[in-house]
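**Q** This is the structure I want to talk about, given as structure tokens.
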Amino acid sequence: ETTYFGIDYNLAKDTENRSVLHTTETIKANFLVPNQNHGVERALVNSYDGHDVGLNIESITDQFGQKLEYSTLQNNDHTVIRVGNANTYVLGEKTYIISYTQRDVTKFFADANIDEFYWDTVGTQWRTPISLLDIKINIDKELAGSLDGNHACYFGIQNSNTRCELNKQDGVFSVQVNNVYPRENLTFSLGFVAGTFSPYKMSTAEKLFALWIFGVFVSI
């Protein structure tokens, strides 16, 4: 069972005004059955609004800062992280801290004339109950003045329209939910004044990669 799932988001923008998201997840799991589990598996999105988000896994540690063994695989536009050793079982309470960055995570909506940060948290594939889901969203000071006052929170199974409440204090939005069932997710949105973020555009590295792929296809 998952006794605690905390996600701390830090939203900022770079020198090109592109949105940058740094995320730290703290997962506390209690493994109750001997010789059954090797660790945890977490799926992170590779793209948003049809483009790559440049996912970069920065570190995976325990609560003492010790690096944990992990591997990754690609599945349905997600990077799946498997933390643990296939030859070692885990038992009892374990803590996993996953830190990663993504970029271009916001979108301009012409109909509402706003930029929006609209994001899923745990997703709908987490397979064990979560005793406490603890979400915090920190907005960089440079962005705080661009918030337009509109925000929303939704909780439940896929396509749920059940509302939850985002609290705001000292520039940090937060929400907590107890007793989350498997496949339940929390989604939030924060509105910003139009033009706060630059729209996505391919980086030089992405352009070179695309040209390389195109060249490979043409040469076959």
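Residues are named by chain letter and number: chains run A, B, ... in the order of the structure tokens, numbers start at 1 in each chain, and ligands are numbered from 1 in the order shown.
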Enumerate the residues of stretch 39-219 of chain A with a DSSP assignment of alpha helix (DSSP H), computed from the backbone, and present them as an mmCIF file with C-alpha atoms, in the first residue's frame.

**A**
```
data_model
loop_
_atom_site.group_PDB
_atom_site.id
_atom_site.type_symbol
_atom_site.label_atom_id
_atom_site.label_comp_id
_atom_site.auth_asym_id
_atom_site.auth_seq_id
_atom_site.Cartn_x
_atom_site.Cartn_y
_atom_site.Cartn_z
ATOM 1 C CA LYS A 141 8.212 34.909 -8.012
ATOM 2 C CA GLU A 142 8.748 36.148 -11.559
ATOM 3 C CA LEU A 143 5.428 34.552 -12.550
ATOM 4 C CA ALA A 144 3.335 35.391 -9.495
ATOM 5 C CA THR A 204 18.173 23.327 -32.146
ATOM 6 C CA ALA A 205 18.842 19.823 -30.812
ATOM 7 C CA GLU A 206 15.291 18.730 -31.661
ATOM 8 C CA LYS A 207 15.589 20.170 -35.168
ATOM 9 C CA LEU A 208 18.860 18.319 -35.751
ATOM 10 C CA PHE A 209 17.331 15.091 -34.439
ATOM 11 C CA ALA A 210 14.306 15.504 -36.710
ATOM 12 C CA LEU A 211 16.578 16.119 -39.698
ATOM 13 C CA TRP A 212 18.619 13.050 -38.803
ATOM 14 C CA ILE A 213 15.470 10.886 -38.589
ATOM 15 C CA PHE A 214 14.204 12.306 -41.866
ATOM 16 C CA GLY A 215 17.554 11.656 -43.503
ATOM 17 C CA VAL A 216 17.550 8.071 -42.272
ATOM 18 C CA PHE A 217 14.073 7.471 -43.654
ATOM 19 C CA VAL A 218 14.958 9.031 -46.997
ATOM 20 C CA SER A 219 18.133 6.975 -47.340
#
```

**Q** Identify, on the basis of only C-alpha atoms, every residue whose closest approach to A:Lys201 does not exceed 9 Å; exclude the query and any residue fewer than 2 positions from it along the same chain; express the result as a PDB file with N, CA, C and O atoms, in the first residue's frame.

**A**
```
ATOM      1  N   HIS A  51       3.711  17.847 -28.336  1.00  0.00           N
ATOM      2  CA  HIS A  51       5.146  18.078 -28.487  1.00  0.00           C
ATOM      3  C   HIS A  51       5.905  17.501 -27.299  1.00  0.00           C
ATOM      4  O   HIS A  51       5.366  17.263 -26.224  1.00  0.00           O
ATOM      5  N   ASP A 104       7.958  23.429 -21.483  1.00  0.00           N
ATOM      6  CA  ASP A 104       6.829  23.667 -22.396  1.00  0.00           C
ATOM      7  C   ASP A 104       5.591  22.920 -21.916  1.00  0.00           C
ATOM      8  O   ASP A 104       4.962  22.162 -22.658  1.00  0.00           O
ATOM      9  N   SER A 198       6.099  31.821 -23.712  1.00  0.00           N
ATOM     10  CA  SER A 198       6.278  31.695 -25.158  1.00  0.00           C
ATOM     11  C   SER A 198       5.713  30.349 -25.609  1.00  0.00           C
ATOM     12  O   SER A 198       5.805  29.356 -24.885  1.00  0.00           O
ATOM     13  N   PRO A 199       5.137  30.296 -26.800  1.00  0.00           N
ATOM     14  CA  PRO A 199       4.645  29.015 -27.306  1.00  0.00           C
ATOM     15  C   PRO A 199       5.800  28.071 -27.596  1.00  0.00           C
ATOM     16  O   PRO A 199       6.946  28.502 -27.780  1.00  0.00           O
ATOM     17  N   SER A 203      13.712  23.107 -30.297  1.00  0.00           N
ATOM     18  CA  SER A 203      15.060  23.552 -29.993  1.00  0.00           C
ATOM     19  C   SER A 203      15.991  23.144 -31.133  1.00  0.00           C
ATOM     20  O   SER A 203      15.639  22.342 -32.002  1.00  0.00           O
TER      21      SER A 203
END
```

**Q** Do you have, as a Markdown table, the list of residues of stretch 113-162 of chain A lying at most 10 Å from stretch 31-49 of chain A, each with its nearest atom pair and that distance in Å to one decimal, counting only C-alpha atoms and ordered by chain then number?

**A**
```
| residue | atom | partner | partner_atom | distance |
| --- | --- | --- | --- | --- |
| A:Tyr118 | CA | A:Tyr48 | CA | 10.0 |
| A:Trp119 | CA | A:Tyr48 | CA | 9.5 |
| A:Asp120 | CA | A:Val45 | CA | 9.7 |
| A:Thr121 | CA | A:Leu44 | CA | 9.8 |
| A:Val122 | CA | A:Ala43 | CA | 8.9 |
| A:Gly123 | CA | A:Ala43 | CA | 8.5 |
| A:Gln125 | CA | A:Ala43 | CA | 8.3 |
| A:Trp126 | CA | A:Arg42 | CA | 8.0 |
| A:Arg127 | CA | A:Glu41 | CA | 9.8 |
```

**Q** So which residues touch A:Gly145 within 12 Å, counting only C-alpha atoms, skipping near sequence neighbours fewer than 2 positions away, as a PyMOL selection string?

**A** chain A and resi 139-143+147-149+171+191-193+196

**Q** Between atom CA of A:Phe117 and atom CA of A:Phe173, measure the distance and give it in Å to one decimal.

**A**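 Here the two named atoms are 12.7 Å from each other.
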
**Q** Quick one, how far is atom CA of A:Asp52 from atom CA of A:Met202?

**A**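 So the answer is 8.9 Å.
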
**Q** For a quick check of understanding, using only C-alpha atoms, which of A:Ile57, A:Gly195, A:His151, A:Ala29 has the smallest distance to A:Ala110?

**A**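 Between A:Ile57, A:Gly195, A:His151, A:Ala29, the residue approaching A:Ala110 most closely is A:Gly195.
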
**Q** Which distance in Å separates atom CA of A:Phe197 and atom CA of A:Lys13, to one decimal?

**A**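 If I compute the distance from atom CA of A:Phe197 to atom CA of A:Lys13, I get 7.3 Å.
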
**Q** Show me, as a PyMOL selection string, the residues that have an atom within 7 Å of A:Val172 when counting only C-alpha atoms, minus same-chain residues fewer than 6 positions from it.

**A** chain A and resi 136-139

**Q** From the set A:Pro182, A:Gly92, A:Gly84, A:Gly65, which residue has the shortest atom-to-atom contact distance to A:Thr124, counting only C-alpha atoms?

**A**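 For A:Thr124, the nearest of the candidates is A:Pro182.
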
**Q** Do you know which residues are at most 9 Å from A:Thr61 counting only C-alpha atoms, after dropping those on the same chain fewer than 2 positions away, and could you put them as a PDB file with all heavy atoms, in the first residue's frame?

**A**
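This is the output file result.pdb:
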```pdb
ATOM      1  N   SER A  59      17.264  12.774 -10.277  1.00  0.00           N
ATOM      2  CA  SER A  59      17.752  11.891  -9.210  1.00  0.00           C
ATOM      3  C   SER A  59      16.630  11.023  -8.687  1.00  0.00           C
ATOM      4  O   SER A  59      15.451  11.400  -8.749  1.00  0.00           O
ATOM      5  CB  SER A  59      18.356  12.704  -8.050  1.00  0.00           C
ATOM      6  OG  SER A  59      17.362  13.477  -7.408  1.00  0.00           O
ATOM      7  N   GLN A  63      15.037   8.494   1.574  1.00  0.00           N
ATOM      8  CA  GLN A  63      14.861   9.673   2.422  1.00  0.00           C
ATOM      9  C   GLN A  63      16.171  10.197   3.004  1.00  0.00           C
ATOM     10  O   GLN A  63      16.222  11.323   3.509  1.00  0.00           O
ATOM     11  CB  GLN A  63      13.875   9.373   3.566  1.00  0.00           C
ATOM     12  CG  GLN A  63      14.372   8.391   4.612  1.00  0.00           C
ATOM     13  CD  GLN A  63      14.044   6.958   4.286  1.00  0.00           C
ATOM     14  OE1 GLN A  63      14.102   6.538   3.123  1.00  0.00           O
ATOM     15  NE2 GLN A  63      13.685   6.204   5.308  1.00  0.00           N
ATOM     16  N   PHE A  64      17.221   9.416   2.883  1.00  0.00           N
ATOM     17  CA  PHE A  64      18.532   9.832   3.391  1.00  0.00           C
ATOM     18  C   PHE A  64      19.442  10.384   2.290  1.00  0.00           C
ATOM     19  O   PHE A  64      20.603  10.688   2.537  1.00  0.00           O
ATOM     20  CB  PHE A  64      19.218   8.654   4.084  1.00  0.00           C
ATOM     21  CG  PHE A  64      18.394   8.038   5.182  1.00  0.00           C
ATOM     22  CD1 PHE A  64      17.874   6.760   5.027  1.00  0.00           C
ATOM     23  CD2 PHE A  64      18.111   8.733   6.347  1.00  0.00           C
ATOM     24  CE1 PHE A  64      17.100   6.179   6.028  1.00  0.00           C
ATOM     25  CE2 PHE A  64      17.348   8.167   7.347  1.00  0.00           C
ATOM     26  CZ  PHE A  64      16.833   6.886   7.188  1.00  0.00           C
ATOM     27  N   GLY A  65      18.899  10.482   1.076  1.00  0.00           N
ATOM     28  CA  GLY A  65      19.688  11.000  -0.032  1.00  0.00           C
ATOM     29  C   GLY A  65      20.541   9.959  -0.726  1.00  0.00           C
ATOM     30  O   GLY A  65      21.333  10.297  -1.610  1.00  0.00           O
ATOM     31  N   GLN A  66      20.397   8.688  -0.350  1.00  0.00           N
ATOM     32  CA  GLN A  66      21.155   7.624  -0.991  1.00  0.00           C
ATOM     33  C   GLN A  66      20.518   7.266  -2.342  1.00  0.00           C
ATOM     34  O   GLN A  66      19.310   7.061  -2.433  1.00  0.00           O
ATOM     35  CB  GLN A  66      21.194   6.379  -0.094  1.00  0.00           C
ATOM     36  CG  GLN A  66      21.901   6.608   1.232  1.00  0.00           C
ATOM     37  CD  GLN A  66      23.370   6.941   1.046  1.00  0.00           C
ATOM     38  OE1 GLN A  66      24.073   6.279   0.287  1.00  0.00           O
ATOM     39  NE2 GLN A  66      23.840   7.963   1.752  1.00  0.00           N
ATOM     40  N   LYS A  67      21.358   7.194  -3.375  1.00  0.00           N
ATOM     41  CA  LYS A  67      20.858   6.878  -4.706  1.00  0.00           C
ATOM     42  C   LYS A  67      20.264   5.468  -4.746  1.00  0.00           C
ATOM     43  O   LYS A  67      20.797   4.542  -4.142  1.00  0.00           O
ATOM     44  CB  LYS A  67      21.984   6.993  -5.734  1.00  0.00           C
ATOM     45  CG  LYS A  67      22.476   8.418  -5.944  1.00  0.00           C
ATOM     46  CD  LYS A  67      23.563   8.462  -7.015  1.00  0.00           C
ATOM     47  CE  LYS A  67      24.050   9.881  -7.240  1.00  0.00           C
ATOM     48  NZ  LYS A  67      25.114   9.945  -8.279  1.00  0.00           N
ATOM     49  N   LEU A  68      19.151   5.349  -5.452  1.00  0.00           N
ATOM     50  CA  LEU A  68      18.489   4.061  -5.603  1.00  0.00           C
ATOM     51  C   LEU A  68      18.652   3.550  -7.035  1.00  0.00           C
ATOM     52  O   LEU A  68      18.671   4.332  -7.986  1.00  0.00           O
ATOM     53  CB  LEU A  68      17.000   4.188  -5.265  1.00  0.00           C
ATOM     54  CG  LEU A  68      16.659   4.607  -3.831  1.00  0.00           C
ATOM     55  CD1 LEU A  68      15.161   4.770  -3.672  1.00  0.00           C
ATOM     56  CD2 LEU A  68      17.197   3.583  -2.829  1.00  0.00           C
ATOM     57  N   GLU A  69      18.773   2.260  -7.166  1.00  0.00           N
ATOM     58  CA  GLU A  69      18.903   1.632  -8.482  1.00  0.00           C
ATOM     59  C   GLU A  69      17.575   1.720  -9.226  1.00  0.00           C
ATOM     60  O   GLU A  69      16.506   1.491  -8.648  1.00  0.00           O
ATOM     61  CB  GLU A  69      19.318   0.170  -8.307  1.00  0.00           C
ATOM     62  CG  GLU A  69      19.551  -0.576  -9.606  1.00  0.00           C
ATOM     63  CD  GLU A  69      20.017  -2.006  -9.374  1.00  0.00           C
ATOM     64  OE1 GLU A  69      20.331  -2.354  -8.212  1.00  0.00           O
ATOM     65  OE2 GLU A  69      20.058  -2.767 -10.361  1.00  0.00           O
ATOM     66  N   THR A  95      10.886   4.489   1.275  1.00  0.00           N
ATOM     67  CA  THR A  95      10.649   5.833   0.741  1.00  0.00           C
ATOM     68  C   THR A  95      11.425   6.018  -0.555  1.00  0.00           C
ATOM     69  O   THR A  95      12.606   5.677  -0.643  1.00  0.00           O
ATOM     70  CB  THR A  95      11.073   6.914   1.752  1.00  0.00           C
ATOM     71  OG1 THR A  95      10.278   6.783   2.943  1.00  0.00           O
ATOM     72  CG2 THR A  95      10.866   8.304   1.183  1.00  0.00           C
ATOM     73  N   TYR A  96      10.741   6.566  -1.557  1.00  0.00           N
ATOM     74  CA  TYR A  96      11.339   6.820  -2.864  1.00  0.00           C
ATOM     75  C   TYR A  96      11.135   8.297  -3.199  1.00  0.00           C
ATOM     76  O   TYR A  96      10.001   8.788  -3.173  1.00  0.00           O
ATOM     77  CB  TYR A  96      10.686   5.955  -3.938  1.00  0.00           C
ATOM     78  CG  TYR A  96      10.721   4.478  -3.638  1.00  0.00           C
ATOM     79  CD1 TYR A  96       9.709   3.866  -2.891  1.00  0.00           C
ATOM     80  CD2 TYR A  96      11.762   3.673  -4.102  1.00  0.00           C
ATOM     81  CE1 TYR A  96       9.744   2.505  -2.613  1.00  0.00           C
ATOM     82  CE2 TYR A  96      11.798   2.311  -3.830  1.00  0.00           C
ATOM     83  CZ  TYR A  96      10.788   1.736  -3.078  1.00  0.00           C
ATOM     84  OH  TYR A  96      10.813   0.386  -2.806  1.00  0.00           O
ATOM     85  N   ILE A  97      12.212   8.996  -3.520  1.00  0.00           N
ATOM     86  CA  ILE A  97      12.130  10.408  -3.877  1.00  0.00           C
ATOM     87  C   ILE A  97      12.635  10.575  -5.308  1.00  0.00           C
ATOM     88  O   ILE A  97      13.803  10.309  -5.603  1.00  0.00           O
ATOM     89  CB  ILE A  97      12.945  11.281  -2.908  1.00  0.00           C
ATOM     90  CG1 ILE A  97      12.429  11.090  -1.471  1.00  0.00           C
ATOM     91  CG2 ILE A  97      12.854  12.757  -3.309  1.00  0.00           C
ATOM     92  CD1 ILE A  97      13.232  11.828  -0.427  1.00  0.00           C
ATOM     93  N   ILE A  98      11.738  10.993  -6.191  1.00  0.00           N
ATOM     94  CA  ILE A  98      12.019  11.108  -7.620  1.00  0.00           C
ATOM     95  C   ILE A  98      11.975  12.568  -8.017  1.00  0.00           C
ATOM     96  O   ILE A  98      10.957  13.238  -7.833  1.00  0.00           O
ATOM     97  CB  ILE A  98      10.995  10.305  -8.443  1.00  0.00           C
ATOM     98  CG1 ILE A  98      10.947   8.837  -7.985  1.00  0.00           C
ATOM     99  CG2 ILE A  98      11.311  10.393  -9.940  1.00  0.00           C
ATOM    100  CD1 ILE A  98       9.816   8.041  -8.613  1.00  0.00           C
ATOM    101  N   SER A  99      13.076  13.077  -8.568  1.00  0.00           N
ATOM    102  CA  SER A  99      13.141  14.471  -9.012  1.00  0.00           C
ATOM    103  C   SER A  99      13.376  14.513 -10.522  1.00  0.00           C
ATOM    104  O   SER A  99      14.241  13.796 -11.036  1.00  0.00           O
ATOM    105  CB  SER A  99      14.268  15.222  -8.294  1.00  0.00           C
ATOM    106  OG  SER A  99      13.985  15.337  -6.910  1.00  0.00           O
TER     107      SER A  99
END
```

**Q** Would you list the contacts of A:Gly156 as number ranges by chain, taking every protein, DNA or RNA residue within 10 Å and counting only C-alpha atoms, but skipping same-chain residues closer than 2 positions in sequence?

**A** A: 124, 154, 158-164, 180-187

**Q** Keeping all heavy atoms, export the residues of the selection given above as a CSV table (one decimal), in the first residue's frame.

**A**
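Saved file part19.csv follows:
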```
chain,number,residue,atom,x,y,z
A,124,THR,N,-3.9,8.0,-13.9
A,124,THR,CA,-5.0,7.0,-13.6
A,124,THR,C,-4.4,5.6,-13.6
A,124,THR,O,-5.2,4.6,-13.6
A,124,THR,CB,-6.1,7.1,-14.7
A,124,THR,OG1,-5.5,6.9,-16.0
A,124,THR,CG2,-6.7,8.5,-14.6
A,154,TYR,N,-9.7,19.0,-10.0
A,154,TYR,CA,-10.7,17.9,-10.2
A,154,TYR,C,-10.1,16.6,-9.7
A,154,TYR,O,-8.9,16.4,-9.8
A,154,TYR,CB,-11.0,17.8,-11.7
A,154,TYR,CG,-11.5,19.0,-12.4
A,154,TYR,CD1,-10.7,20.0,-13.0
A,154,TYR,CD2,-12.9,19.3,-12.3
A,154,TYR,CE1,-11.2,21.1,-13.5
A,154,TYR,CE2,-13.4,20.4,-12.9
A,154,TYR,CZ,-12.6,21.4,-13.5
A,154,TYR,OH,-13.0,22.5,-14.1
A,158,GLN,N,-10.8,8.6,-14.4
A,158,GLN,CA,-10.7,9.3,-15.7
A,158,GLN,C,-12.0,10.0,-16.1
A,158,GLN,O,-13.0,9.4,-16.0
A,158,GLN,CB,-10.2,8.3,-16.8
A,158,GLN,CG,-9.8,9.0,-18.0
A,158,GLN,CD,-9.0,8.1,-19.0
A,158,GLN,OE1,-8.8,6.9,-18.6
A,158,GLN,NE2,-8.7,8.5,-20.1
A,159,ASN,N,-11.9,11.2,-16.5
A,159,ASN,CA,-13.0,12.0,-17.0
A,159,ASN,C,-13.9,12.5,-15.9
A,159,ASN,O,-15.0,13.0,-16.1
A,159,ASN,CB,-13.8,11.3,-18.1
A,159,ASN,CG,-13.0,11.0,-19.3
A,159,ASN,OD1,-12.1,11.8,-19.7
A,159,ASN,ND2,-13.2,9.8,-19.9
A,160,SER,N,-13.5,12.4,-14.6
A,160,SER,CA,-14.3,12.8,-13.5
A,160,SER,C,-14.4,14.3,-13.5
A,160,SER,O,-13.4,15.0,-13.9
A,160,SER,CB,-13.7,12.3,-12.2
A,160,SER,OG,-14.4,13.0,-11.1
A,161,ASN,N,-15.6,14.9,-13.2
A,161,ASN,CA,-15.7,16.3,-13.1
A,161,ASN,C,-16.0,16.7,-11.6
A,161,ASN,O,-16.5,17.8,-11.3
A,161,ASN,CB,-16.9,16.8,-14.0
A,161,ASN,CG,-18.2,16.2,-13.7
A,161,ASN,OD1,-18.3,15.4,-12.7
A,161,ASN,ND2,-19.2,16.5,-14.5
A,162,THR,N,-15.6,15.8,-10.7
A,162,THR,CA,-15.8,16.2,-9.3
A,162,THR,C,-14.7,17.2,-8.9
A,162,THR,O,-13.5,17.0,-9.1
A,162,THR,CB,-15.6,14.9,-8.4
A,162,THR,OG1,-16.5,13.9,-8.8
A,162,THR,CG2,-15.7,15.2,-6.9
A,163,ARG,N,-15.2,18.3,-8.3
A,163,ARG,CA,-14.3,19.4,-8.0
A,163,ARG,C,-13.6,19.2,-6.6
A,163,ARG,O,-14.1,18.5,-5.7
A,163,ARG,CB,-15.1,20.7,-7.9
A,163,ARG,CG,-15.7,21.1,-9.2
A,163,ARG,CD,-14.8,21.4,-10.3
A,163,ARG,NE,-14.0,22.6,-10.0
A,163,ARG,CZ,-14.3,23.8,-10.5
A,163,ARG,NH1,-15.3,24.0,-11.3
A,163,ARG,NH2,-13.5,24.9,-10.3
A,164,CYS,N,-12.4,19.7,-6.5
A,164,CYS,CA,-11.6,19.7,-5.3
A,164,CYS,C,-11.2,21.2,-5.1
A,164,CYS,O,-11.3,22.0,-6.0
A,164,CYS,CB,-10.5,18.8,-5.2
A,164,CYS,SG,-9.4,18.7,-6.7
A,180,VAL,N,-7.2,7.7,-1.3
A,180,VAL,CA,-7.3,7.7,-2.8
A,180,VAL,C,-7.3,6.2,-3.3
A,180,VAL,O,-6.4,5.5,-2.9
A,180,VAL,CB,-6.2,8.5,-3.4
A,180,VAL,CG1,-6.3,8.4,-4.9
A,180,VAL,CG2,-6.2,9.9,-2.9
A,181,TYR,N,-8.3,5.9,-4.1
A,181,TYR,CA,-8.4,4.5,-4.6
A,181,TYR,C,-7.5,4.3,-5.8
A,181,TYR,O,-7.2,5.3,-6.5
A,181,TYR,CB,-9.8,4.2,-4.9
A,181,TYR,CG,-10.7,4.0,-3.6
A,181,TYR,CD1,-11.6,5.0,-3.3
A,181,TYR,CD2,-10.6,2.9,-2.8
A,181,TYR,CE1,-12.4,4.9,-2.1
A,181,TYR,CE2,-11.4,2.7,-1.7
A,181,TYR,CZ,-12.3,3.8,-1.4
A,181,TYR,OH,-13.0,3.6,-0.2
A,182,PRO,N,-7.2,3.1,-6.1
A,182,PRO,CA,-6.4,2.9,-7.4
A,182,PRO,C,-7.1,3.5,-8.6
A,182,PRO,O,-8.3,3.4,-8.7
A,182,PRO,CB,-6.4,1.3,-7.5
A,182,PRO,CG,-6.5,0.9,-6.1
A,182,PRO,CD,-7.4,1.8,-5.4
A,183,ARG,N,-6.3,4.1,-9.5
A,183,ARG,CA,-6.7,4.7,-10.7
A,183,ARG,C,-7.5,6.0,-10.5
A,183,ARG,O,-8.0,6.6,-11.5
A,183,ARG,CB,-7.5,3.7,-11.6
A,183,ARG,CG,-6.8,2.4,-11.9
A,183,ARG,CD,-7.5,1.5,-12.9
A,183,ARG,NE,-6.8,0.3,-13.1
A,183,ARG,CZ,-5.7,0.2,-13.9
A,183,ARG,NH1,-5.3,1.2,-14.6
A,183,ARG,NH2,-5.1,-1.0,-14.1
A,184,GLU,N,-7.5,6.5,-9.3
A,184,GLU,CA,-8.1,7.9,-9.1
A,184,GLU,C,-6.9,8.9,-9.3
A,184,GLU,O,-5.8,8.6,-8.9
A,184,GLU,CB,-8.7,8.0,-7.8
A,184,GLU,CG,-10.0,7.3,-7.6
A,184,GLU,CD,-10.7,7.6,-6.3
A,184,GLU,OE1,-10.0,7.7,-5.3
A,184,GLU,OE2,-12.0,7.6,-6.3
A,185,ASN,N,-7.3,10.0,-9.9
A,185,ASN,CA,-6.3,11.0,-10.2
A,185,ASN,C,-6.7,12.4,-9.8
A,185,ASN,O,-7.9,12.6,-9.6
A,185,ASN,CB,-6.0,11.0,-11.7
A,185,ASN,CG,-5.1,12.1,-12.2
A,185,ASN,OD1,-4.0,12.3,-11.6
A,185,ASN,ND2,-5.4,12.7,-13.3
A,186,LEU,N,-5.8,13.3,-9.6
A,186,LEU,CA,-6.1,14.7,-9.3
A,186,LEU,C,-5.5,15.5,-10.4
A,186,LEU,O,-4.3,15.4,-10.7
A,186,LEU,CB,-5.6,15.1,-7.9
A,186,LEU,CG,-6.0,16.5,-7.4
A,186,LEU,CD1,-6.1,16.5,-5.9
A,186,LEU,CD2,-5.0,17.6,-7.9
A,187,THR,N,-6.3,16.4,-11.0
A,187,THR,CA,-5.9,17.3,-12.1
A,187,THR,C,-6.2,18.7,-11.6
A,187,THR,O,-7.2,19.0,-11.0
A,187,THR,CB,-6.7,17.0,-13.3
A,187,THR,OG1,-6.5,15.6,-13.7
A,187,THR,CG2,-6.3,17.9,-14.5
```

**Q** I'd like to know which of A:Asn179, A:Ser71, A:Asn85, A:Ser174 is closest to A:Glu1, using only C-alpha atoms.

**A** A:Asn179

**Q** Based on DSSP run over this structure's backbone, return all residues of stretch 4-187 of chain A in strand (DSSP E), as a ChimeraX atom specification.

**A** /A:4-13,19-31,39-45,47-48,51-52,56-61,70-75,78-84,92-103,107-109,114-120,130-139,147-156,167-169,172-180,185-187
